[in-house]
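Novice: Input: one structure, supplied below.
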Amino acid sequence: MKLREFWQPVPFVETRPHWTIHQPSLYDWVLSLSEAHCEALENNPRELVAHLRGWLPEFDQYWDLLALTGMNAPACPLPEVRARDMPGRKRLQAGFFAGQLVPVEGQVLDWCCGKGHLARTLAAAGAGSVAGYEWQAGLVQDGNRLAGHYGDPVRIACQDVMADPLPWPDPPPDQLVALHACGDLHRQFLHQGVHHGVSRISLSPCCYHLTDDSLHQPLSVRVQQTSERLQPNREQMRLAVRETVTASRREQGQTRLRSAWRLGFDGLQRDLRRVDEYLAVPSEPAYLLKQGFPEFCQWAAQSRGIELPEEPDFGTWEARGWVRHREVRRFELIRHLFRRPLELWMVLDYGVFLEESGYQVRLGEFCERQLTPRNLLLDAVLNEKRRRA
């Protein structure tokens, strides 16, 4: 429980996390890190964990608690000549995901399938036929065009999977699959699969924070009845997916600039409003990043109905924004070590929910994190007794 203060507060929102008060030497060490050392630790969590053991002995068990059984089946991606309109990373992700499910038998339903990249990969891997549910009409049209062009036994329907009631395929699927379905979409996927008694349910979840609920709602009875269970809010759930291994240097630079400007405006608005609290602003239009900090502040102030003084000292507030960005980056360095534990806690709840519903469940990593950090796979097979019932 005492570790919550290291990951629940959001450094971007709180100017100084509470843990810094009773861990002053850790606070001093973090702020003393050079940019190069900070970046090195961001890319080498094992070294960071080794450093933190001196202050937080709980980290002695960190890697043991995160260890998962490997999923070492070979990938079966679509050949490149058949992977038209399929980005290279998506082709490999679908191939590794499908490889863990071979043999694929019977009728398959691909949930939130986009253009059907996974659906077509599974069809090539031996699925009898694959149906897809996707709500964006343009993606449905493109996916069906690609499947028709290559003669794949795939048919995508334009369907909102959150509809009530939700139409169910006829004949019903033998297996449900979802690769990176987000938030409430993958929770609906699990509920529908269990409700319809689907023989096999295979899920790689993503974006846990995309939910209508303000707090995380566990699915399993076991977690619901835990007296001191976690209840992360949306922003805290977002922590689980605050990792990227694909951003270019240019994209990373834009992210740093955006962060520093937002933190600079945050200091300005706190000063003007005489209220020491974070004030969220909408996503800025892309052109603003080329206009300069004063124009960004004017846009942000207008979006929140704040009147700026005639001659604000934009230079001072921009400089303070960069100072805050430097601090936030270092506080996040520690906070980010809780990304995977938080994600595993949520996914293990899904696994217990499936076990409580009569499934045999395996959980592992279907590919290396360099291909995608969202590499967890829940693969659940309905017990024979439950199937006959």
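Chain labels follow the order of the structure tokens: the first chain is A, the next B, and so on; residue numbering restarts at 1 in every chain, and ligands are counted from 1 in their shown order.
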Neighbouring residues of range 120-133 of chain A were defined as those with any atom within 8 Å, considering only C-alpha atoms; residues of the same chain fewer than 3 positions away were excluded. Please report them as an mmCIF file with all heavy atoms, in the first residue's frame.
Specialist:
```cif
data_model
loop_
_atom_site.group_PDB
_atom_site.id
_atom_site.type_symbol
_atom_site.label_atom_id
_atom_site.label_comp_id
_atom_site.auth_asym_id
_atom_site.auth_seq_id
_atom_site.Cartn_x
_atom_site.Cartn_y
_atom_site.Cartn_z
ATOM 1 N N CYS A 76 3.349 -16.432 -37.703
ATOM 2 C CA CYS A 76 2.871 -16.813 -39.047
ATOM 3 C C CYS A 76 2.261 -15.585 -39.722
ATOM 4 O O CYS A 76 1.056 -15.539 -39.971
ATOM 5 C CB CYS A 76 1.879 -17.972 -38.968
ATOM 6 S SG CYS A 76 0.489 -17.721 -37.849
ATOM 7 N N PRO A 77 3.088 -14.574 -39.999
ATOM 8 C CA PRO A 77 2.569 -13.368 -40.650
ATOM 9 C C PRO A 77 2.168 -13.645 -42.092
ATOM 10 O O PRO A 77 2.637 -14.602 -42.717
ATOM 11 C CB PRO A 77 3.750 -12.404 -40.587
ATOM 12 C CG PRO A 77 4.954 -13.293 -40.591
ATOM 13 C CD PRO A 77 4.549 -14.511 -39.806
ATOM 14 N N LEU A 78 1.311 -12.803 -42.611
ATOM 15 C CA LEU A 78 0.992 -12.874 -44.027
ATOM 16 C C LEU A 78 2.245 -12.599 -44.842
ATOM 17 O O LEU A 78 3.054 -11.738 -44.475
ATOM 18 C CB LEU A 78 -0.065 -11.832 -44.388
ATOM 19 C CG LEU A 78 -1.540 -12.178 -44.184
ATOM 20 C CD1 LEU A 78 -2.405 -10.991 -44.592
ATOM 21 C CD2 LEU A 78 -1.935 -13.405 -44.987
ATOM 22 N N ALA A 94 0.288 -9.045 -35.906
ATOM 23 C CA ALA A 94 -0.762 -10.012 -36.236
ATOM 24 C C ALA A 94 -0.172 -11.408 -36.422
ATOM 25 O O ALA A 94 -0.767 -12.416 -36.016
ATOM 26 C CB ALA A 94 -1.509 -9.573 -37.499
ATOM 27 N N GLY A 95 1.019 -11.478 -37.024
ATOM 28 C CA GLY A 95 1.649 -12.775 -37.242
ATOM 29 C C GLY A 95 2.053 -13.461 -35.954
ATOM 30 O O GLY A 95 1.843 -14.670 -35.782
ATOM 31 N N ALA A 98 -1.248 -14.487 -34.097
ATOM 32 C CA ALA A 98 -1.851 -15.666 -34.718
ATOM 33 C C ALA A 98 -1.017 -16.914 -34.455
ATOM 34 O O ALA A 98 -1.562 -18.010 -34.242
ATOM 35 C CB ALA A 98 -2.009 -15.439 -36.219
ATOM 36 N N VAL A 102 -2.359 -21.015 -33.213
ATOM 37 C CA VAL A 102 -2.394 -22.171 -34.109
ATOM 38 C C VAL A 102 -2.406 -23.459 -33.279
ATOM 39 O O VAL A 102 -1.645 -23.591 -32.311
ATOM 40 C CB VAL A 102 -1.178 -22.124 -35.053
ATOM 41 C CG1 VAL A 102 -1.099 -23.396 -35.891
ATOM 42 C CG2 VAL A 102 -1.243 -20.885 -35.950
ATOM 43 N N PRO A 103 -3.254 -24.454 -33.615
ATOM 44 C CA PRO A 103 -4.190 -24.451 -34.740
ATOM 45 C C PRO A 103 -5.451 -23.637 -34.457
ATOM 46 O O PRO A 103 -6.010 -23.707 -33.362
ATOM 47 C CB PRO A 103 -4.539 -25.942 -34.910
ATOM 48 C CG PRO A 103 -4.421 -26.498 -33.524
ATOM 49 C CD PRO A 103 -3.289 -25.741 -32.879
ATOM 50 N N VAL A 104 -5.856 -22.860 -35.445
ATOM 51 C CA VAL A 104 -7.098 -22.084 -35.370
ATOM 52 C C VAL A 104 -8.178 -22.903 -36.047
ATOM 53 O O VAL A 104 -8.044 -23.283 -37.203
ATOM 54 C CB VAL A 104 -6.937 -20.725 -36.075
ATOM 55 C CG1 VAL A 104 -8.195 -19.889 -35.895
ATOM 56 C CG2 VAL A 104 -5.721 -19.986 -35.545
ATOM 57 N N GLU A 105 -9.232 -23.194 -35.318
ATOM 58 C CA GLU A 105 -10.258 -24.102 -35.839
ATOM 59 C C GLU A 105 -11.638 -23.456 -35.833
ATOM 60 O O GLU A 105 -11.956 -22.656 -34.945
ATOM 61 C CB GLU A 105 -10.287 -25.385 -34.998
ATOM 62 C CG GLU A 105 -8.967 -26.149 -34.996
ATOM 63 C CD GLU A 105 -8.975 -27.323 -34.048
ATOM 64 O OE1 GLU A 105 -9.859 -27.366 -33.178
ATOM 65 O OE2 GLU A 105 -8.080 -28.188 -34.166
ATOM 66 N N GLY A 106 -12.432 -23.805 -36.821
ATOM 67 C CA GLY A 106 -13.831 -23.386 -36.846
ATOM 68 C C GLY A 106 -14.016 -21.941 -37.261
ATOM 69 O O GLY A 106 -13.186 -21.333 -37.932
ATOM 70 N N GLN A 107 -15.150 -21.385 -36.809
ATOM 71 C CA GLN A 107 -15.535 -20.023 -37.159
ATOM 72 C C GLN A 107 -14.917 -19.054 -36.141
ATOM 73 O O GLN A 107 -14.979 -19.274 -34.941
ATOM 74 C CB GLN A 107 -17.058 -19.879 -37.137
ATOM 75 C CG GLN A 107 -17.809 -20.974 -37.876
ATOM 76 C CD GLN A 107 -17.531 -20.951 -39.360
ATOM 77 O OE1 GLN A 107 -17.503 -19.888 -39.974
ATOM 78 N NE2 GLN A 107 -17.324 -22.122 -39.943
ATOM 79 N N VAL A 108 -14.347 -17.965 -36.647
ATOM 80 C CA VAL A 108 -13.666 -16.987 -35.800
ATOM 81 C C VAL A 108 -14.333 -15.636 -35.980
ATOM 82 O O VAL A 108 -14.703 -15.245 -37.092
ATOM 83 C CB VAL A 108 -12.170 -16.883 -36.160
ATOM 84 C CG1 VAL A 108 -11.479 -15.843 -35.285
ATOM 85 C CG2 VAL A 108 -11.487 -18.239 -36.013
ATOM 86 N N LEU A 109 -14.479 -14.894 -34.879
ATOM 87 C CA LEU A 109 -14.968 -13.519 -34.930
ATOM 88 C C LEU A 109 -13.863 -12.600 -34.430
ATOM 89 O O LEU A 109 -13.415 -12.712 -33.292
ATOM 90 C CB LEU A 109 -16.224 -13.347 -34.066
ATOM 91 C CG LEU A 109 -16.749 -11.902 -33.935
ATOM 92 C CD1 LEU A 109 -17.099 -11.320 -35.308
ATOM 93 C CD2 LEU A 109 -17.976 -11.858 -33.013
ATOM 94 N N ASP A 110 -13.431 -11.686 -35.300
ATOM 95 C CA ASP A 110 -12.382 -10.715 -34.982
ATOM 96 C C ASP A 110 -13.062 -9.423 -34.529
ATOM 97 O O ASP A 110 -13.754 -8.764 -35.297
ATOM 98 C CB ASP A 110 -11.512 -10.486 -36.222
ATOM 99 C CG ASP A 110 -10.310 -9.587 -35.943
ATOM 100 O OD1 ASP A 110 -10.144 -9.155 -34.793
ATOM 101 O OD2 ASP A 110 -9.557 -9.322 -36.896
ATOM 102 N N TRP A 111 -12.834 -9.050 -33.289
ATOM 103 C CA TRP A 111 -13.529 -7.951 -32.601
ATOM 104 C C TRP A 111 -12.788 -6.634 -32.848
ATOM 105 O O TRP A 111 -11.588 -6.546 -32.637
ATOM 106 C CB TRP A 111 -13.540 -8.275 -31.124
ATOM 107 C CG TRP A 111 -14.440 -7.508 -30.220
ATOM 108 C CD1 TRP A 111 -14.113 -6.430 -29.473
ATOM 109 C CD2 TRP A 111 -15.800 -7.814 -29.898
ATOM 110 N NE1 TRP A 111 -15.184 -6.030 -28.715
ATOM 111 C CE2 TRP A 111 -16.232 -6.867 -28.951
ATOM 112 C CE3 TRP A 111 -16.690 -8.803 -30.315
ATOM 113 C CZ2 TRP A 111 -17.517 -6.871 -28.412
ATOM 114 C CZ3 TRP A 111 -17.957 -8.820 -29.785
ATOM 115 C CH2 TRP A 111 -18.375 -7.861 -28.862
ATOM 116 N N CYS A 112 -13.512 -5.593 -33.278
ATOM 117 C CA CYS A 112 -12.883 -4.289 -33.557
ATOM 118 C C CYS A 112 -11.710 -4.494 -34.506
ATOM 119 O O CYS A 112 -10.559 -4.146 -34.216
ATOM 120 C CB CYS A 112 -12.420 -3.623 -32.271
ATOM 121 S SG CYS A 112 -13.727 -3.372 -31.057
ATOM 122 N N CYS A 113 -12.011 -5.033 -35.681
ATOM 123 C CA CYS A 113 -10.970 -5.620 -36.533
ATOM 124 C C CYS A 113 -10.321 -4.644 -37.495
ATOM 125 O O CYS A 113 -9.381 -5.020 -38.202
ATOM 126 C CB CYS A 113 -11.568 -6.788 -37.325
ATOM 127 S SG CYS A 113 -12.839 -6.290 -38.509
ATOM 128 N N GLY A 116 -9.149 -5.620 -41.003
ATOM 129 C CA GLY A 116 -9.116 -7.079 -41.025
ATOM 130 C C GLY A 116 -7.732 -7.666 -41.175
ATOM 131 O O GLY A 116 -7.580 -8.795 -41.659
ATOM 132 N N HIS A 117 -6.698 -6.945 -40.734
ATOM 133 C CA HIS A 117 -5.337 -7.480 -40.858
ATOM 134 C C HIS A 117 -5.179 -8.790 -40.089
ATOM 135 O O HIS A 117 -4.628 -9.766 -40.606
ATOM 136 C CB HIS A 117 -4.330 -6.451 -40.348
ATOM 137 C CG HIS A 117 -4.314 -5.169 -41.108
ATOM 138 N ND1 HIS A 117 -4.528 -5.114 -42.469
ATOM 139 C CD2 HIS A 117 -4.108 -3.881 -40.701
ATOM 140 C CE1 HIS A 117 -4.447 -3.856 -42.873
ATOM 141 N NE2 HIS A 117 -4.202 -3.098 -41.823
ATOM 142 N N ALA A 147 -9.938 -8.453 -48.704
ATOM 143 C CA ALA A 147 -10.251 -9.881 -48.576
ATOM 144 C C ALA A 147 -10.741 -10.449 -49.903
ATOM 145 O O ALA A 147 -10.355 -11.561 -50.308
ATOM 146 C CB ALA A 147 -11.300 -10.088 -47.487
ATOM 147 N N ASP A 152 -9.624 -14.244 -49.592
ATOM 148 C CA ASP A 152 -9.609 -14.697 -48.204
ATOM 149 C C ASP A 152 -11.040 -14.948 -47.707
ATOM 150 O O ASP A 152 -11.947 -14.157 -48.012
ATOM 151 C CB ASP A 152 -8.961 -13.648 -47.295
ATOM 152 C CG ASP A 152 -7.501 -13.391 -47.657
ATOM 153 O OD1 ASP A 152 -6.784 -14.387 -47.871
ATOM 154 O OD2 ASP A 152 -7.095 -12.223 -47.712
ATOM 155 N N PRO A 153 -11.253 -16.024 -46.933
ATOM 156 C CA PRO A 153 -12.591 -16.295 -46.374
ATOM 157 C C PRO A 153 -12.882 -15.378 -45.177
ATOM 158 O O PRO A 153 -13.048 -15.817 -44.044
ATOM 159 C CB PRO A 153 -12.494 -17.761 -45.955
ATOM 160 C CG PRO A 153 -11.051 -17.957 -45.602
ATOM 161 C CD PRO A 153 -10.283 -17.084 -46.560
ATOM 162 N N VAL A 154 -12.926 -14.079 -45.462
ATOM 163 C CA VAL A 154 -13.116 -13.055 -44.426
ATOM 164 C C VAL A 154 -14.249 -12.139 -44.852
ATOM 165 O O VAL A 154 -14.302 -11.696 -46.011
ATOM 166 C CB VAL A 154 -11.822 -12.232 -44.227
ATOM 167 C CG1 VAL A 154 -12.070 -11.038 -43.306
ATOM 168 C CG2 VAL A 154 -10.707 -13.103 -43.676
ATOM 169 N N ARG A 155 -15.159 -11.851 -43.905
ATOM 170 C CA ARG A 155 -16.236 -10.911 -44.183
ATOM 171 C C ARG A 155 -16.410 -9.996 -42.974
ATOM 172 O O ARG A 155 -16.662 -10.468 -41.857
ATOM 173 C CB ARG A 155 -17.551 -11.655 -44.466
ATOM 174 C CG ARG A 155 -18.713 -10.728 -44.816
ATOM 175 C CD ARG A 155 -18.430 -9.968 -46.106
ATOM 176 N NE ARG A 155 -19.484 -9.004 -46.416
ATOM 177 C CZ ARG A 155 -19.411 -8.099 -47.397
ATOM 178 N NH1 ARG A 155 -18.319 -8.054 -48.152
ATOM 179 N NH2 ARG A 155 -20.392 -7.251 -47.611
ATOM 180 N N ILE A 156 -16.254 -8.689 -43.203
ATOM 181 C CA ILE A 156 -16.331 -7.713 -42.117
ATOM 182 C C ILE A 156 -17.684 -7.014 -42.160
ATOM 183 O O ILE A 156 -18.139 -6.573 -43.225
ATOM 184 C CB ILE A 156 -15.194 -6.686 -42.225
ATOM 185 C CG1 ILE A 156 -13.833 -7.398 -42.219
ATOM 186 C CG2 ILE A 156 -15.254 -5.669 -41.087
ATOM 187 C CD1 ILE A 156 -12.660 -6.479 -42.500
ATOM 188 N N ALA A 157 -18.322 -6.918 -41.016
ATOM 189 C CA ALA A 157 -19.609 -6.231 -40.894
ATOM 190 C C ALA A 157 -19.414 -4.907 -40.169
ATOM 191 O O ALA A 157 -18.600 -4.806 -39.244
ATOM 192 C CB ALA A 157 -20.606 -7.098 -40.129
ATOM 193 N N CYS A 158 -20.165 -3.901 -40.593
ATOM 194 C CA CYS A 158 -20.129 -2.598 -39.931
ATOM 195 C C CYS A 158 -21.006 -2.690 -38.681
ATOM 196 O O CYS A 158 -22.242 -2.766 -38.789
ATOM 197 C CB CYS A 158 -20.631 -1.505 -40.866
ATOM 198 S SG CYS A 158 -20.320 0.170 -40.277
ATOM 199 N N GLN A 159 -20.362 -2.726 -37.524
ATOM 200 C CA GLN A 159 -21.112 -2.996 -36.297
ATOM 201 C C GLN A 159 -20.478 -2.273 -35.106
ATOM 202 O O GLN A 159 -19.261 -2.346 -34.894
ATOM 203 C CB GLN A 159 -21.130 -4.505 -36.019
ATOM 204 C CG GLN A 159 -21.807 -4.908 -34.730
ATOM 205 C CD GLN A 159 -23.280 -4.516 -34.703
ATOM 206 O OE1 GLN A 159 -24.018 -4.860 -35.624
ATOM 207 N NE2 GLN A 159 -23.687 -3.791 -33.674
ATOM 208 N N ASP A 160 -21.313 -1.586 -34.335
ATOM 209 C CA ASP A 160 -20.898 -1.020 -33.057
ATOM 210 C C ASP A 160 -20.979 -2.131 -32.022
ATOM 211 O O ASP A 160 -22.073 -2.603 -31.693
ATOM 212 C CB ASP A 160 -21.824 0.143 -32.686
ATOM 213 C CG ASP A 160 -21.526 0.723 -31.305
ATOM 214 O OD1 ASP A 160 -20.525 0.322 -30.681
ATOM 215 O OD2 ASP A 160 -22.317 1.577 -30.840
ATOM 216 N N VAL A 161 -19.826 -2.554 -31.492
ATOM 217 C CA VAL A 161 -19.831 -3.695 -30.572
ATOM 218 C C VAL A 161 -20.419 -3.338 -29.212
ATOM 219 O O VAL A 161 -20.681 -4.231 -28.402
ATOM 220 C CB VAL A 161 -18.413 -4.277 -30.387
ATOM 221 C CG1 VAL A 161 -17.876 -4.811 -31.695
ATOM 222 C CG2 VAL A 161 -17.472 -3.249 -29.771
#
```
Novice: Apply DSSP to the backbone of this structure and, from range 53-298 of chain A, keep only the residues in helix (DSSP H, G or I); write these as a ChimeraX atom specification.
Specialist: /A:57-66,80-82,88-99,117-124,137-150,183-195,221-224,234-241,249-273,286-290,293-298
Novice: Taking the chain letters and numbering used in this document, name the residues of range 141-265 of chain A that DSSP puts in strand (DSSP E or B), as an mmCIF file with N, CA and C atoms, in the first residue's frame.
Specialist:
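Okay, states36.cif is ready:
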```cif
data_model
loop_
_atom_site.group_PDB
_atom_site.id
_atom_site.type_symbol
_atom_site.label_atom_id
_atom_site.label_comp_id
_atom_site.auth_asym_id
_atom_site.auth_seq_id
_atom_site.Cartn_x
_atom_site.Cartn_y
_atom_site.Cartn_z
ATOM 1 N N VAL A 154 -12.926 -14.079 -45.462
ATOM 2 C CA VAL A 154 -13.116 -13.055 -44.426
ATOM 3 C C VAL A 154 -14.249 -12.139 -44.852
ATOM 4 N N ARG A 155 -15.159 -11.851 -43.905
ATOM 5 C CA ARG A 155 -16.236 -10.911 -44.183
ATOM 6 C C ARG A 155 -16.410 -9.996 -42.974
ATOM 7 N N ILE A 156 -16.254 -8.689 -43.203
ATOM 8 C CA ILE A 156 -16.331 -7.713 -42.117
ATOM 9 C C ILE A 156 -17.684 -7.014 -42.160
ATOM 10 N N ALA A 157 -18.322 -6.918 -41.016
ATOM 11 C CA ALA A 157 -19.609 -6.231 -40.894
ATOM 12 C C ALA A 157 -19.414 -4.907 -40.169
ATOM 13 N N CYS A 158 -20.165 -3.901 -40.593
ATOM 14 C CA CYS A 158 -20.129 -2.598 -39.931
ATOM 15 C C CYS A 158 -21.006 -2.690 -38.681
ATOM 16 N N GLN A 175 -14.496 -19.150 -31.869
ATOM 17 C CA GLN A 175 -13.419 -18.426 -31.201
ATOM 18 C C GLN A 175 -13.598 -16.927 -31.399
ATOM 19 N N LEU A 176 -13.379 -16.179 -30.322
ATOM 20 C CA LEU A 176 -13.339 -14.723 -30.369
ATOM 21 C C LEU A 176 -11.891 -14.273 -30.257
ATOM 22 N N VAL A 177 -11.486 -13.315 -31.094
ATOM 23 C CA VAL A 177 -10.126 -12.775 -31.012
ATOM 24 C C VAL A 177 -10.201 -11.255 -31.034
ATOM 25 N N ALA A 178 -9.272 -10.628 -30.334
ATOM 26 C CA ALA A 178 -9.166 -9.169 -30.352
ATOM 27 C C ALA A 178 -7.716 -8.784 -30.121
ATOM 28 N N LEU A 179 -7.153 -8.072 -31.069
ATOM 29 C CA LEU A 179 -5.775 -7.595 -30.970
ATOM 30 C C LEU A 179 -5.805 -6.093 -30.756
ATOM 31 N N HIS A 180 -5.515 -5.681 -29.522
ATOM 32 C CA HIS A 180 -5.427 -4.279 -29.121
ATOM 33 C C HIS A 180 -6.774 -3.564 -29.172
ATOM 34 N N ALA A 181 -7.817 -4.270 -28.734
ATOM 35 C CA ALA A 181 -9.103 -3.607 -28.494
ATOM 36 C C ALA A 181 -8.981 -2.769 -27.227
ATOM 37 N N CYS A 182 -9.570 -1.585 -27.232
ATOM 38 C CA CYS A 182 -9.327 -0.613 -26.169
ATOM 39 C C CYS A 182 -10.424 -0.617 -25.100
ATOM 40 N N ARG A 200 -13.409 -20.562 -27.294
ATOM 41 C CA ARG A 200 -12.061 -20.035 -27.082
ATOM 42 C C ARG A 200 -12.090 -18.515 -27.208
ATOM 43 N N ILE A 201 -11.433 -17.844 -26.276
ATOM 44 C CA ILE A 201 -11.398 -16.381 -26.224
ATOM 45 C C ILE A 201 -9.941 -15.955 -26.138
ATOM 46 N N SER A 202 -9.490 -15.145 -27.098
ATOM 47 C CA SER A 202 -8.081 -14.756 -27.167
ATOM 48 C C SER A 202 -7.990 -13.240 -27.307
ATOM 49 N N LEU A 203 -7.324 -12.610 -26.336
ATOM 50 C CA LEU A 203 -7.342 -11.155 -26.247
ATOM 51 C C LEU A 203 -5.969 -10.584 -25.928
ATOM 52 N N SER A 204 -5.610 -9.524 -26.657
ATOM 53 C CA SER A 204 -4.509 -8.652 -26.268
ATOM 54 C C SER A 204 -5.108 -7.277 -26.010
ATOM 55 N N PRO A 205 -5.262 -6.882 -24.738
ATOM 56 C CA PRO A 205 -5.959 -5.625 -24.429
ATOM 57 C C PRO A 205 -5.059 -4.406 -24.582
ATOM 58 N N CYS A 206 -5.701 -3.248 -24.653
ATOM 59 C CA CYS A 206 -4.979 -1.995 -24.809
ATOM 60 C C CYS A 206 -5.812 -0.863 -24.207
ATOM 61 N N LEU A 215 -13.738 5.225 -12.255
ATOM 62 C CA LEU A 215 -12.781 4.374 -11.559
ATOM 63 C C LEU A 215 -12.780 2.992 -12.188
ATOM 64 N N ASN A 233 -8.131 5.669 -11.072
ATOM 65 C CA ASN A 233 -8.998 6.446 -11.946
ATOM 66 C C ASN A 233 -8.464 6.392 -13.374
#
```
Novice: Compile the contact shell of Gln217 in chain A as a ChimeraX atom specification: residues with an atom at most 12 Å away, counting only C-alpha atoms, same-chain residues fewer than 5 positions apart removed.
Specialist: /A:183-184,187,208-209,211-212,223-225,229-234,237,346,349-350
Novice: Limited to N, CA and C atoms, could you put the picked residues into a file as a PDB file, in the first residue's frame?
Specialist:
```pdb
ATOM      1  N   GLY A 183     -10.013  -0.498 -23.843  1.00  0.00           N
ATOM      2  CA  GLY A 183     -10.885  -0.152 -22.740  1.00  0.00           C
ATOM      3  C   GLY A 183     -12.193  -0.913 -22.679  1.00  0.00           C
ATOM      4  N   ASP A 184     -13.295  -0.163 -22.713  1.00  0.00           N
ATOM      5  CA  ASP A 184     -14.623  -0.772 -22.623  1.00  0.00           C
ATOM      6  C   ASP A 184     -14.882  -1.730 -23.773  1.00  0.00           C
ATOM      7  N   ARG A 187     -13.514  -5.012 -22.611  1.00  0.00           N
ATOM      8  CA  ARG A 187     -14.312  -5.549 -21.497  1.00  0.00           C
ATOM      9  C   ARG A 187     -15.651  -6.079 -22.008  1.00  0.00           C
ATOM     10  N   TYR A 208      -6.533   0.793 -21.327  1.00  0.00           N
ATOM     11  CA  TYR A 208      -7.458   0.430 -20.256  1.00  0.00           C
ATOM     12  C   TYR A 208      -8.250   1.631 -19.756  1.00  0.00           C
ATOM     13  N   HIS A 209      -7.718   2.833 -19.943  1.00  0.00           N
ATOM     14  CA  HIS A 209      -8.339   4.049 -19.428  1.00  0.00           C
ATOM     15  C   HIS A 209      -9.500   4.543 -20.276  1.00  0.00           C
ATOM     16  N   THR A 211     -12.707   4.306 -20.877  1.00  0.00           N
ATOM     17  CA  THR A 211     -13.877   3.713 -20.249  1.00  0.00           C
ATOM     18  C   THR A 211     -14.830   4.803 -19.809  1.00  0.00           C
ATOM     19  N   ASP A 212     -16.103   4.463 -19.730  1.00  0.00           N
ATOM     20  CA  ASP A 212     -17.105   5.409 -19.228  1.00  0.00           C
ATOM     21  C   ASP A 212     -17.061   5.516 -17.715  1.00  0.00           C
ATOM     22  N   VAL A 223     -11.600 -10.253  -7.137  1.00  0.00           N
ATOM     23  CA  VAL A 223     -11.031  -8.920  -6.952  1.00  0.00           C
ATOM     24  C   VAL A 223     -12.074  -7.965  -6.391  1.00  0.00           C
ATOM     25  N   GLN A 224     -13.318  -8.103  -6.821  1.00  0.00           N
ATOM     26  CA  GLN A 224     -14.380  -7.242  -6.299  1.00  0.00           C
ATOM     27  C   GLN A 224     -14.523  -7.379  -4.790  1.00  0.00           C
ATOM     28  N   GLN A 225     -14.250  -8.565  -4.271  1.00  0.00           N
ATOM     29  CA  GLN A 225     -14.439  -8.817  -2.842  1.00  0.00           C
ATOM     30  C   GLN A 225     -13.172  -8.580  -2.021  1.00  0.00           C
ATOM     31  N   ARG A 229      -8.734  -3.462  -2.383  1.00  0.00           N
ATOM     32  CA  ARG A 229      -8.400  -3.503  -3.800  1.00  0.00           C
ATOM     33  C   ARG A 229      -8.110  -2.094  -4.330  1.00  0.00           C
ATOM     34  N   LEU A 230      -7.318  -2.075  -5.378  1.00  0.00           N
ATOM     35  CA  LEU A 230      -7.016  -0.811  -6.035  1.00  0.00           C
ATOM     36  C   LEU A 230      -8.237  -0.299  -6.784  1.00  0.00           C
ATOM     37  N   GLN A 231      -8.356   1.007  -6.869  1.00  0.00           N
ATOM     38  CA  GLN A 231      -9.389   1.624  -7.698  1.00  0.00           C
ATOM     39  C   GLN A 231      -8.785   2.794  -8.461  1.00  0.00           C
ATOM     40  N   PRO A 232      -7.880   2.502  -9.382  1.00  0.00           N
ATOM     41  CA  PRO A 232      -7.275   3.601 -10.139  1.00  0.00           C
ATOM     42  C   PRO A 232      -8.303   4.345 -10.971  1.00  0.00           C
ATOM     43  N   ASN A 233      -8.131   5.669 -11.072  1.00  0.00           N
ATOM     44  CA  ASN A 233      -8.998   6.446 -11.946  1.00  0.00           C
ATOM     45  C   ASN A 233      -8.464   6.392 -13.374  1.00  0.00           C
ATOM     46  N   ARG A 234      -9.138   7.102 -14.281  1.00  0.00           N
ATOM     47  CA  ARG A 234      -8.755   6.999 -15.688  1.00  0.00           C
ATOM     48  C   ARG A 234      -7.316   7.446 -15.914  1.00  0.00           C
ATOM     49  N   MET A 237      -5.054   4.785 -14.715  1.00  0.00           N
ATOM     50  CA  MET A 237      -5.058   3.639 -15.631  1.00  0.00           C
ATOM     51  C   MET A 237      -4.249   3.930 -16.889  1.00  0.00           C
ATOM     52  N   MET A 346      -4.503  -5.542 -13.836  1.00  0.00           N
ATOM     53  CA  MET A 346      -5.791  -5.466 -14.542  1.00  0.00           C
ATOM     54  C   MET A 346      -6.014  -6.697 -15.411  1.00  0.00           C
ATOM     55  N   ASP A 349      -6.914  -9.774 -13.436  1.00  0.00           N
ATOM     56  CA  ASP A 349      -8.337  -9.728 -13.077  1.00  0.00           C
ATOM     57  C   ASP A 349      -9.182 -10.303 -14.210  1.00  0.00           C
ATOM     58  N   TYR A 350      -8.869  -9.944 -15.450  1.00  0.00           N
ATOM     59  CA  TYR A 350      -9.588 -10.522 -16.590  1.00  0.00           C
ATOM     60  C   TYR A 350      -9.423 -12.043 -16.616  1.00  0.00           C
TER      61      TYR A 350
END
```
Novice: Please measure the separation of CA of Trp322 in chain A and CA of Ala260 in chain A, giving the value in Å to one decimal.
Specialist: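 About the pair CA of Trp322 in chain A and CA of Ala260 in chain A: they are 4.9 Å apart.
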Novice: Might you pull out every residue within 7 Å of range 364-381 of chain A, with only C-alpha atoms counted and same-chain residues fewer than 3 positions away left off, and present them as a ChimeraX atom specification?
Specialist: /A:68-71,89,96-97,100,199-204,206,243-245,351,359-361
Novice: Just the residues within 8 Å of Gln136 in chain A, please, counting only C-alpha atoms, with nothing from its chain fewer than 2 positions along; format it as a list in words.
Specialist: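 Answer for this query is Gly114, Glu134, Gly138, Leu139, Val140 and Cys158 of chain A.
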Novice: Can those selected residues be exported to a file as an mmCIF file, in the first residue's frame so that it contains C-alpha atoms?
Specialist:
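So out30.cif came out as:
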```cif
data_model
loop_
_atom_site.group_PDB
_atom_site.id
_atom_site.type_symbol
_atom_site.label_atom_id
_atom_site.label_comp_id
_atom_site.auth_asym_id
_atom_site.auth_seq_id
_atom_site.Cartn_x
_atom_site.Cartn_y
_atom_site.Cartn_z
ATOM 1 C CA GLY A 114 -10.198 -2.448 -38.502
ATOM 2 C CA GLU A 134 -15.771 -2.891 -37.088
ATOM 3 C CA GLY A 138 -14.402 3.191 -44.428
ATOM 4 C CA LEU A 139 -12.318 0.500 -42.733
ATOM 5 C CA VAL A 140 -15.064 -2.066 -43.341
ATOM 6 C CA CYS A 158 -20.129 -2.598 -39.931
#
```
